[in-house]
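Single-structure report; data block below.
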Amino acid sequence: MAEKIEIIVNGKQTKISTTWTIEDLVQDLDLVGNQVAVEFNGQIISRDRWPEQPVGAGDRIEIVHFVGGGEEDRCLTS
Amino acid sequence: MSDKLVVAGQEFGSRLIVGTGKYESFEVMRQALESSGAEFVTVAVRRVNLTDKSKESLLDHIDRSRFTLLPNTAGCYTAKDAIRCARLGREAGLSNLVKLEVIGDERTLFPDNEALLEATRVLVKEDFFVFPYTNDDPVICKKLEEAGAVAVMPLGAPIGSGLGIQNPNNLRIIVETVSVPVIVDAGVGTASDATITMELGVDGVLMNTGIAGAKDPPKMAKAMKLAVESGRLAYLAGRIPKKLYATASSPLEGILS
C-alpha cells in the first residue's frame with residue numbers, strides 16, 4: 001500500500017499519496033473541468049503549474065470557485 | 001440610441017448591473033438575468049464544497065459570451081482578506097475586474113473605508129480594474145479615484161435594506177466630484193428607487209436583493225430594466241425646475257370672456 005500523508009484541503013484534514021502534485025489532487029477531487037483557483041500555502045498556483053507543484057505533509061490548500069453573489073455573504077476565513 | 005456605460009475599457013449596453021446571489025434556483029436566476037437586460041453580473045468567490053460536489057456550478061448557468069463577470073470580495077473584513085479574495089477571483093475567472101468590498105461592520109455592512117483605500121492601492125498596482133463599494137461620501141470617493149479605482153460604487157442605503165436612496169444630495173455631489181463612473185451599489189428596493197437613482201445622473205446601478213428577493217424575480221428584473229432606462233432618459237432629457245406655485249400649461253390668450 002502506498003504511503004499516505006496528511007494535508008489540509010479547504011480547512012479539512014485529507015490523506016493523500018506521498019507523490020501527488022496539485023494536478024493529481026484536483027483530478028482526484030474531480031474538479032479538473034471546473035473553473036477553480038488553487039491557493040497553496042497562501043500562494044496562488046496557476047493552472048499550468050499544477051503538475052509541477054508537489055504536495056507535502058502539512059501543506060494547506062484552498063480550492064475556490066464562483067458562486068452566486070451580489071452585495072454580501074461571507075468570504076473565505078483565513 | 002448610443003448611451004453606453006463605458007468602464008474599465010469595456011462598453012455595456014445596459015446601465016443595470018445585477019448580482020447572482022440569493023436566488024431560489026439557478027433557473028430563476030437565469031430568467032431574471034435574461035429579463036434584466038444586464039450585461040454585467042457580480043459573482044462571489046468561495047471554497048468548493050468537497051463533501052457535496054453534486055451541486056451544479058454557477059458558471060454553467062451564465063453565458064459568458066453575453067455576460068461579463070465582476071468577481072466580488074463580499075464578506076471580507078480586512079484589506080488582506082479582500083486582496084486575497086480578489087487574486088483568487090482573477091485566477092478563477094481570468095479577468096482583472098474586481099468589485100472590492102471590505103466590510104467594517106457586520107450589522108450595517110458598511111464599508112471600512114480605510115482598509116478599502118489600502119486594498120484599492122495594492123490591487124491597482126497589480127493591474128486590477130477596481131470597483132470599490134463605499135459610502136455615499138464624496139471625500140472617500142475622490143480618494144478612491146485618486147488611488148486608481150476605475151469607478152466608485154457608493155451605497156444608496158444599507159445592503160439588502162431596500163430602503164431606497166437615503167441621501168440623493170450626496171450622490172449628486174459625488175457625480176460632480178469624480179470623473180470616473182459612479183455606480184450606485186445597494187439599497188434599491190423597487191423600480192421607483194432605481195429610477196430616482198438614475199435621475200441623479202449616476203452612470204449605473206447595481207442590485208441583487210431587490211430582484212432576487214422579490215416574489216417574482218424575473219418580473220422585478222424587467223421592472224428594474226425599464227426603471228433604469230426611464231431614469232437615465234429623464235436625466236438626459238433634463239427635468240423642469242420645481243416651483244412652489246402653478247404655471248398654466250394651456251395658453252392664456254383667447255380665453256372666452
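Identifiers in the C-alpha cells: chain A, B, ... in order shown; residue index from 1 per chain; ligand index from 1 in order shown.
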- Task: Select all residues from chain B having any atom no more than 7 Å from an atom of chain A (counting only C-alpha atoms, ignoring ligands), output as a ChimeraX atom specification.
- Result: /B:19-21,42-48,58,73-76,88,91-92,159,186,208
- How would you write, as a ChimeraX atom specification, the set of residues in chain A that DSSP gives as helix (DSSP H, G or I)? /A:22-28,47-52
Written file, previous selection with C-alpha atoms, as a PDB file, in the first residue's frame:
```pdb
ATOM      1  CA  ILE A  22      -1.724  19.693  -7.154  1.00  0.00           C
ATOM      2  CA  GLU A  23      -2.815  18.353 -10.543  1.00  0.00           C
ATOM      3  CA  ASP A  24      -3.263  14.864  -9.016  1.00  0.00           C
ATOM      4  CA  LEU A  25      -5.266  16.273  -6.131  1.00  0.00           C
ATOM      5  CA  VAL A  26      -7.552  18.340  -8.357  1.00  0.00           C
ATOM      6  CA  GLN A  27      -8.075  15.320 -10.607  1.00  0.00           C
ATOM      7  CA  ASP A  28      -8.847  13.093  -7.648  1.00  0.00           C
ATOM      8  CA  ARG A  47      -3.322  26.023 -13.619  1.00  0.00           C
ATOM      9  CA  ASP A  48      -0.280  25.458 -15.829  1.00  0.00           C
ATOM     10  CA  ARG A  49       1.874  24.964 -12.742  1.00  0.00           C
ATOM     11  CA  TRP A  50      -0.390  22.385 -11.054  1.00  0.00           C
ATOM     12  CA  PRO A  51       1.569  19.399 -12.467  1.00  0.00           C
ATOM     13  CA  GLU A  52       4.862  20.831 -11.192  1.00  0.00           C
TER      14      GLU A  52
END
```
Which neighbours of A:Ile7 fall inside 6 Å, counting only C-alpha atoms, when residues of the same chain fewer than 5 positions from it are skipped, and could you give them as an mmCIF file with all heavy atoms, in the first residue's frame?
```cif
data_model
loop_
_atom_site.group_PDB
_atom_site.id
_atom_site.type_symbol
_atom_site.label_atom_id
_atom_site.label_comp_id
_atom_site.auth_asym_id
_atom_site.auth_seq_id
_atom_site.Cartn_x
_atom_site.Cartn_y
_atom_site.Cartn_z
ATOM 1 N N GLN A 13 -8.768 18.041 7.155
ATOM 2 C CA GLN A 13 -7.669 17.072 7.082
ATOM 3 C C GLN A 13 -7.975 16.066 5.979
ATOM 4 O O GLN A 13 -9.079 15.537 5.927
ATOM 5 C CB GLN A 13 -7.560 16.311 8.410
ATOM 6 C CG GLN A 13 -7.219 17.183 9.597
ATOM 7 C CD GLN A 13 -5.713 17.303 9.805
ATOM 8 O OE1 GLN A 13 -4.934 16.675 9.099
ATOM 9 N NE2 GLN A 13 -5.326 18.127 10.771
ATOM 10 N N THR A 14 -7.002 15.828 5.118
ATOM 11 C CA THR A 14 -7.205 14.909 3.995
ATOM 12 C C THR A 14 -5.960 14.057 3.836
ATOM 13 O O THR A 14 -4.839 14.560 3.974
ATOM 14 C CB THR A 14 -7.424 15.720 2.694
ATOM 15 O OG1 THR A 14 -8.427 16.709 2.927
ATOM 16 C CG2 THR A 14 -7.850 14.837 1.538
ATOM 17 N N ALA A 57 3.432 16.779 3.382
ATOM 18 C CA ALA A 57 2.703 16.692 4.651
ATOM 19 C C ALA A 57 2.517 18.082 5.257
ATOM 20 O O ALA A 57 3.448 18.885 5.282
ATOM 21 C CB ALA A 57 3.452 15.793 5.618
ATOM 22 N N GLY A 58 1.295 18.354 5.698
ATOM 23 C CA GLY A 58 1.004 19.607 6.397
ATOM 24 C C GLY A 58 0.698 20.791 5.473
ATOM 25 O O GLY A 58 0.348 21.869 5.952
ATOM 26 N N ASP A 59 0.813 20.602 4.163
ATOM 27 C CA ASP A 59 0.514 21.717 3.254
ATOM 28 C C ASP A 59 -0.969 22.092 3.344
ATOM 29 O O ASP A 59 -1.826 21.236 3.555
ATOM 30 C CB ASP A 59 0.860 21.337 1.810
ATOM 31 C CG ASP A 59 2.370 21.409 1.550
ATOM 32 O OD1 ASP A 59 3.058 22.128 2.299
ATOM 33 O OD2 ASP A 59 2.834 20.737 0.612
#
```
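Separating atom CA of B:Asp60 from atom CA of B:Ile17 is a distance of 19.4 Å.
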- Could you check how far atom CA of B:Tyr133 sits from atom CA of B:Val184, in Å to one decimal? 8.7 Å
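Our summary of the geometry notes that atom CA of B:Val202 is positioned 7.4 Å from atom CA of B:Pro181.
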